[in-house]
2 protein chains.
Amino acid sequence: LEEGKIAYDYRNAIIHFTMLNRFISILQQKCFLSPENKVLVGVSGGADSLFLLDLLSRSNYPFIVAHLNHQLRPEADDDAQFVETISGRLGIPFILGKEDVFAYAERFDLSIEEAARHLRYSFLFENAKQVGAQAVLVAHHADDQIETVLMHFLRGSGLAGLRGMPYWSLPNPWSDEIPLARPLLEFWREEIDAYLQDHNLEPIEDKTNRDTTIFRNRLRHELIPSLTSYNPGIRKVLYRMSQVLDADYEVLEGIVDSAWEEICQEQGHGYTAFRFAALSAQPVGIQRYLIRKGINFLLPGLRDIDFHTVERALDFLKKPTNSKRMELAAGLYILLEDELLWLANDTAVLPDRAWPQLLPNDNYCIELSLDLTGNLLLGQGWRIEVDLQKTSRDSYRQALENLDMFQAWIDIEQVQFPLTIRCRRPGDRFHPAGMAGRSVKLSDFMINVKMPERARARWPLVYSASELMWVPGYRLAHSFLISDSTLQVLHFRLLRSDET
Amino acid sequence: LEEGKIAYDYRNAIIHFTMLNRFISILQQKCFLSPENKVLVGVSGGADSLFLLDLLSRSNYPFIVAHLNHQLRPEADDDAQFVETISGRLGIPFILGKEDVFAYAERFDLSIEEAARHLRYSFLFENAKQVGAQAVLVAHHADDQIETVLMHFLRGSGLAGLRGMPYWSLPNPWSDEIPLARPLLEFWREEIDAYLQDHNLEPIEDKTNRDTTIFRNRLRHELIPSLTSYNPGIRKVLYRMSQVLDADYEVLEGIVDSAWEEICQEQGHGYTAFRFAALSAQPVGIQRYLIRKGINFLLPGLRDIDFHTVERALDFLKKPTNSKRMELAAGLYILLEDELLWLANDTAVLPDRAWPQLLPNDNYCIELSLDLTGNLLLGQGWRIEVDLQKTSRDSYRQALENLDMFQAWIDIEQVQFPLTIRCRRPGDRFHPAGMAGRSVKLSDFMINVKMPERARARWPLVYSASELMWVPGYRLAHSFLISDSTLQVLHFRLLRSDET
């Protein structure tokens with residue numbers, strides 16, 4: 001009997017030594033942690049975190065224990081005391097926090113589990129920052145992993161969910177600098193329980209773990225056992241699946257990141273601008289990730305982006321609506337403007353593009369005199385230049401062949417002074433050069449030539465007396481065209497300050 | 001009441017018209033079928049295939065009905081008659097087949113379902129080929145799709161399984177030329193049943209569909225209803241998931257295809273050679289797909305490649321075994337040779353590489369005479385050239401600085417004639433130039449210098465009497481080194497026929 005006991009102990013010592021080695025190599029290779037710097041570990045006192053605490057105490061990693069008292073159960077104070085005592089016995093620094101989860105849940109309309117999770121992680125990361133820890137460690141293990149995978153499966157998650165929790169995540173919802181590490185992901189509950197028993201470590205039992213009104217507990221206690229009747233190896237199978245899908249996801253992530261580099265033109269407060277053509281040319285799988293990434297950037301708090309929201313955006317890519325604009329969800333919209341697709345918040349102020357725009361407080365009504373040959377500065381870095389030319393074969397040809405609609409050659413005989421530059425006004429009409437028949441509403445003209453909607457109100461327009469003479473960038477009015485009988489020409493140019 | 005009936009009929013007419021339009025647009029856009037050419041449709045007479053038959057008959061696609069009598073149920077002959085009658089009534093050509101599924105299952109040790117499936121698809125594709133159909137159509141619908149997804153999930157499949165069945169697949173296990181098309185994948189069972197009822201179409205009821213000892217039926221009748229208690233929308237959710245994962249898979253497939261182009265050096269009967277360095281440089285997710293693709297190529301019949309087999313191959317990539325060879329499964333092995341990784345069947349004859357090799361039936365034992373200055377052809381496009389030189393400062397320096405081990409400068413004073421060229425023999429020993437001490441076993445030397453194992457037996461070796469003088473490509477023997485007191489030098493070169 002005694003011999004049997006020794007053999008048993010010996011065997012266990014080897015198993016535990018192997019577990020410790022696996023653990024340390026995970027810390028190094030999968031969690032990228034250096035034994036030079038301390039880590040902060042969240043310890044509830046339950047089996048999983050007690051196991052993590054014990055392994056850490058046998059490693060050469062310096063660490064700090066943090067425990068949040070959620071005040072949810074009558075034993076909460078005892079639990080905190082328990083973790084403090086263990087830490088003290090091991091000589092490990094201990095940080096205690098206390099939060100009113102009920103109140104928080106009520107205030108932010110969250111489930112108790114969600115509220116507890118928010119508060120717990122905020123607590124852990126705040127303290128990690130304060131003590132300068134290189135990472136926050138939590139005790140999720142292989143069974144947690146497959147429950148997570150199953151939960152995502154039931155919710156219809158994509159690869160990002162089906163791959164499960166990563167060993168290392170940065171950025172994470174709580175920090176852009178401190179990674180969240182999960183070094184226990186390959187340890188199974190049975191291994192952990194056996195280890196604790198052999199080391200006479202008695203964890204706190206959280207009775208809510210048995211509460212099958214909590215979704216995750218139902219998975220653990222009902223669904224997974226029932227799935228075993230379909231495949232006895234279901235746990236191993238789901239674990240493996242998550243590993244394989246994680247590798248797939250990593251490949252896709254790499255592709256998405258470089259596609260993003262190529263396709264994202266600019267990002268600002270509340271908006272992202274994509275190059276529309278490049279985005280449309282991507283396979284739909286990548287488009288989906290890019291749209292999600294864009295939404296995540298605008299609404300970092302959003303945990304699950306609604307499937308249909310993303311699909312509607314994808315449909316828009318295939319076939320933009322007539323208005324070129326579509327509301328998505330949660331105050332987000334997409335807007336197609338020329339070659340750019342904007343994904344933006346309702347409240348965001350999109351940057352002015354390279355458009356000529358009169359400043360909102362400028363009431364341009366500037367009389368141009370014929371001897372003016374210099375610049376008229378319009379603000380936003382734009383200016384108008386005008387010069388008087390005798391008609392020559394050259395200027396006539398230039399006018400006929402003109403492709404640069406930011407230039408215009410005008411028959412001065414037709415001009416009525418004063419020439420003014422101003423924004424559009426209700427009721428403005430326009431008779432575009434070359435168009436047969438009568439004038440059209442200026443607003444219709446602007447739509448027809450696809451002037452970006454945002455640009456219309458402040459677009460600089462040149463009027464001859466009260467007649468709209470030139471819409472720079474688009475068209476001259478019909479009656480100002482020069483002909484071979486024109487004697488003198490006004491040559492207009494609308495220029496950016498960096499042009500000459 | 002009468003008015004209600006008309007409204008009801010009217011509403012249904014619209015629904016059915018919409019269904020038909022959806023169906024036709026799927027035929028065109030997702031199954032890539034042209035209404036110019038006929039298709040062959042498998043019809044069991046059950047609800048799904050009856051629905052497919054009815055929609056097809058209202059489309060402008062020419063088609064042929066095929067039915068395999070599996071002889072599994074007493075009603076089998078009646079069922080065949082039923083399908084024939086319907087086809088006849090519609091004026092559609094009808095092909096009947098008959099197979100003994102039981103016997104086939106026994107002969108090939110398959111389950112009845114597997115055997116039925118093999119025989120059915122073989123029958124459909126054989127007939128499709130015979131009648132020149134552009135595709136084989138089958139009636140899998142959205143509920144089948146989610147059952148498939150769930151089945152793959154329970155078996156721990158990767159993306160390839162979780163994405164479900166494709167609308168169009170080519171190559172498929174039955175043909176490299178005729179695609180298998182599934183145009184009903186977006187129709188739900190409820191829609192199909194309602195349609196049939198409204199059209200007074202009464203399908204055959206296959207009672208085995210209720211048999212919950214069949215795995216798929218258990219999913220349908222037990223697991224999916226139970227999952228509804230976790231997520232009432234589970235069917236829609238799984239359907240959506242499969243669509244999203246399908247797009248992801250397509251992206252990965254594109255990457256894998258171009259990686260394959262880059263990494264696969266050659267393929268032959270029973271083997272594939274990968275460029276090892278390029279393969280190792282890929283992310284593990286892509287490596288996994290490439291290995292699977294390689295295995296699929298060698299064992300096209302294999303439906304599920306064992307997870308562990310692939311993982312062992314991946315481990316080998318990270319850290320090849322000492323023997324540079326590893327058995328995988330089903331007679332497959334991998335072999336690392338210089339820069340190539342071979343994935344091959346035990347029975348495959350790997351092509352000779354660019355090695356010098358004596359032909360198996362050549363018993364080279366050629367006496368070299370000192371006046372020989374021409375070529376000695378060794379076969380396989382290799383030759384030995386030898387010439388006699390007076391020692392000069394030049395030849396001495398060349399010998400000392402020699403980096404091309406396919407050349408050797410030999411002190412003729414040390415040579416005992418005859419010089420012979422032959423393959424190794426058991427017991428051969430070798431004293432490499434520059435190595436202190438005594439000779440080593442030639443077999444150990446070959447291992448130490450990493451000579452590819454396959455090349456060893458037929459590697460050309462040059463002997464001075466019975467002493468191994470030169471291992472071309474690797475090393476000269478110690479006692480033949482030239483020194484500054486050497487008077488005459490034999491200069492050997494082993495050359496490929498295209499070298500001079």
# chains A, B, ... in the order shown; residues from 1 in each chain; ligands from 1

$ interface_residues --of "chain B" --to "chain A" --cutoff "9 Å" --atoms "only C-alpha atoms" --output "VMD selection string"
chain B and resid 153 to 159 215 218 to 219 223 226 to 227 230 to 231 233 to 234 236 to 242 244 to 252 283 to 286 288 307

$ write_last_selection --atoms "C-alpha atoms" --output "compact mmCIF listing (two decimals), in the first residue's frame"
# COMPACT_ATOMS: atom_id res chain seq x y z
CA PHE B 153 -19.58 21.14 -36.35
CA LEU B 154 -20.13 18.02 -34.28
CA ARG B 155 -17.36 16.25 -36.17
CA GLY B 156 -15.01 19.17 -35.67
CA SER B 157 -14.66 20.21 -39.26
CA GLY B 158 -12.79 23.29 -40.38
CA LEU B 159 -14.10 26.06 -42.60
CA PHE B 215 -27.47 10.40 -37.47
CA ARG B 218 -31.43 12.70 -35.02
CA LEU B 219 -30.07 16.15 -35.80
CA LEU B 223 -30.86 18.30 -31.78
CA SER B 226 -33.41 21.38 -28.66
CA LEU B 227 -31.01 24.09 -29.87
CA TYR B 230 -30.88 28.23 -26.69
CA ASN B 231 -31.61 30.46 -29.65
CA GLY B 233 -33.56 31.76 -34.45
CA ILE B 234 -30.95 28.98 -34.56
CA LYS B 236 -31.49 31.32 -39.59
CA VAL B 237 -28.37 31.90 -37.55
CA LEU B 238 -26.66 28.73 -38.78
CA TYR B 239 -27.71 29.48 -42.33
CA ARG B 240 -26.22 32.97 -42.14
CA MET B 241 -23.08 31.62 -40.52
CA SER B 242 -22.57 29.20 -43.36
CA VAL B 244 -20.36 34.21 -44.05
CA LEU B 245 -17.92 31.34 -43.63
CA ASP B 246 -18.34 30.42 -47.28
CA ALA B 247 -17.12 33.87 -48.27
CA ASP B 248 -14.20 33.54 -45.85
CA TYR B 249 -13.39 30.15 -47.28
CA GLU B 250 -13.40 31.55 -50.78
CA VAL B 251 -10.85 34.17 -49.80
CA LEU B 252 -8.64 31.54 -48.18
CA PRO B 283 1.32 30.95 -41.83
CA VAL B 284 0.27 27.72 -40.19
CA GLY B 285 -3.31 28.13 -41.43
CA ILE B 286 -2.14 28.07 -45.04
CA ARG B 288 -2.62 23.20 -43.10
CA PHE B 307 -6.91 16.03 -37.91

$ residues_around --residues "segment 136-149 of chain A" --least-positions-apart "3" --cutoff "8 Å" --atoms "only C-alpha atoms" --output "NGL selection string"
:A and (39-43 or 48-49 or 52 or 124-125 or 128 or 133 or 152-153 or 161-165 or 178-189 or 216 or 219-220 or 235 or 238-239 or 242)

$ select_by_dssp --residues "segment 66-213 of chain A" --states "strand (DSSP E)" --output "number ranges by chain"
A: 66-69, 94-98, 136-137, 168-169, 180-181

$ residues_around --residues "segment 116-123 of chain B" --least-positions-apart "4" --cutoff "12 Å" --atoms "only C-alpha atoms" --output "ChimeraX atom specification"
/B:40-44,66-72,95-106,108,110-112,127-130,136-138,172-175,178-180,301

$ atom_distance --atom1 "atom CA of Ala277 of chain B" --atom2 "atom CA of Phe445 of chain B"
25.3 Å

$ closest_residue --among "B:Phe316, B:Leu495, B:Ile447, B:Ala477" --to "Glu385 of chain B" --atoms "only C-alpha atoms"
B:Leu495

$ select_by_dssp --residues "segment 9-221 of chain A" --states "alpha helix (DSSP H)" --output "ChimeraX atom specification"
/A:9-29,47-58,76-90,101-107,112-131,142-155,159-162,189-198,215-218

$ residues_around --residues "Arg292 of chain B" --least-positions-apart "4" --cutoff "8 Å" --atoms "only C-alpha atoms" --output "PyMOL selection string"
chain B and resi 288+296+305+310

$ write_last_selection --atoms "C-alpha atoms" --output "JSON list (two decimals), in the first residue's frame"
[["chain", "number", "residue", "atom", "x", "y", "z"],
["B", 288, "ARG", "CA", -2.62, 23.20, -43.10],
["B", 296, "ASN", "CA", -6.38, 15.02, -51.28],
["B", 305, "ILE", "CA", -8.55, 13.67, -43.50],
["B", 310, "VAL", "CA", -2.30, 16.91, -40.71]]

$ closest_residue --among "B:Tyr8, B:Trp459, B:Tyr61, B:Tyr396" --to "Asp198 of chain B" --atoms "only C-alpha atoms"
B:Tyr8

$ residues_around --residues "Glu191 of chain A" --least-positions-apart "2" --cutoff "10 Å" --atoms "only C-alpha atoms" --output "PyMOL selection string"
chain A and resi 15-16+19+51+187-189+193-197

$ residues_around --residues "Thr18 of chain A" --least-positions-apart "5" --cutoff "12 Å" --atoms "only C-alpha atoms" --output "number ranges by chain"
A: 11-13, 23-25, 55, 187, 191, 195

$ residues_around --residues "Val440 of chain B" --least-positions-apart "3" --cutoff "8 Å" --atoms "only C-alpha atoms" --output "list of chain:residue names"
B:Arg429, B:Phe430, B:His431, B:Asp444, B:Phe445

$ write_last_selection --atoms "N, CA, C and O atoms" --output "mmCIF file, in the first residue's frame"
data_model
loop_
_atom_site.group_PDB
_atom_site.id
_atom_site.type_symbol
_atom_site.label_atom_id
_atom_site.label_comp_id
_atom_site.auth_asym_id
_atom_site.auth_seq_id
_atom_site.Cartn_x
_atom_site.Cartn_y
_atom_site.Cartn_z
ATOM 1 N N ARG B 429 34.599 1.939 -45.755
ATOM 2 C CA ARG B 429 34.984 2.964 -44.785
ATOM 3 C C ARG B 429 35.608 4.134 -45.535
ATOM 4 O O ARG B 429 35.974 4.019 -46.720
ATOM 5 N N PHE B 430 35.776 5.245 -44.845
ATOM 6 C CA PHE B 430 36.239 6.453 -45.532
ATOM 7 C C PHE B 430 36.944 7.325 -44.503
ATOM 8 O O PHE B 430 36.489 7.471 -43.366
ATOM 9 N N HIS B 431 38.058 7.906 -44.935
ATOM 10 C CA HIS B 431 38.770 8.840 -44.051
ATOM 11 C C HIS B 431 38.756 10.223 -44.704
ATOM 12 O O HIS B 431 39.614 10.526 -45.535
ATOM 13 N N ASP B 444 27.938 6.143 -42.163
ATOM 14 C CA ASP B 444 27.861 7.248 -41.200
ATOM 15 C C ASP B 444 28.263 8.568 -41.848
ATOM 16 O O ASP B 444 27.639 9.612 -41.622
ATOM 17 N N PHE B 445 29.306 8.488 -42.670
ATOM 18 C CA PHE B 445 29.735 9.712 -43.354
ATOM 19 C C PHE B 445 28.597 10.290 -44.195
ATOM 20 O O PHE B 445 28.322 11.487 -44.169
#

$ atom_distance --atom1 "atom CA of Gln357 of chain A" --atom2 "atom CA of Arg458 of chain A"
5.2 Å

$ closest_residue --among "B:Ile92, B:Leu419, B:Val462, B:Ile384" --to "Arg493 of chain B" --atoms "only C-alpha atoms"
B:Ile384
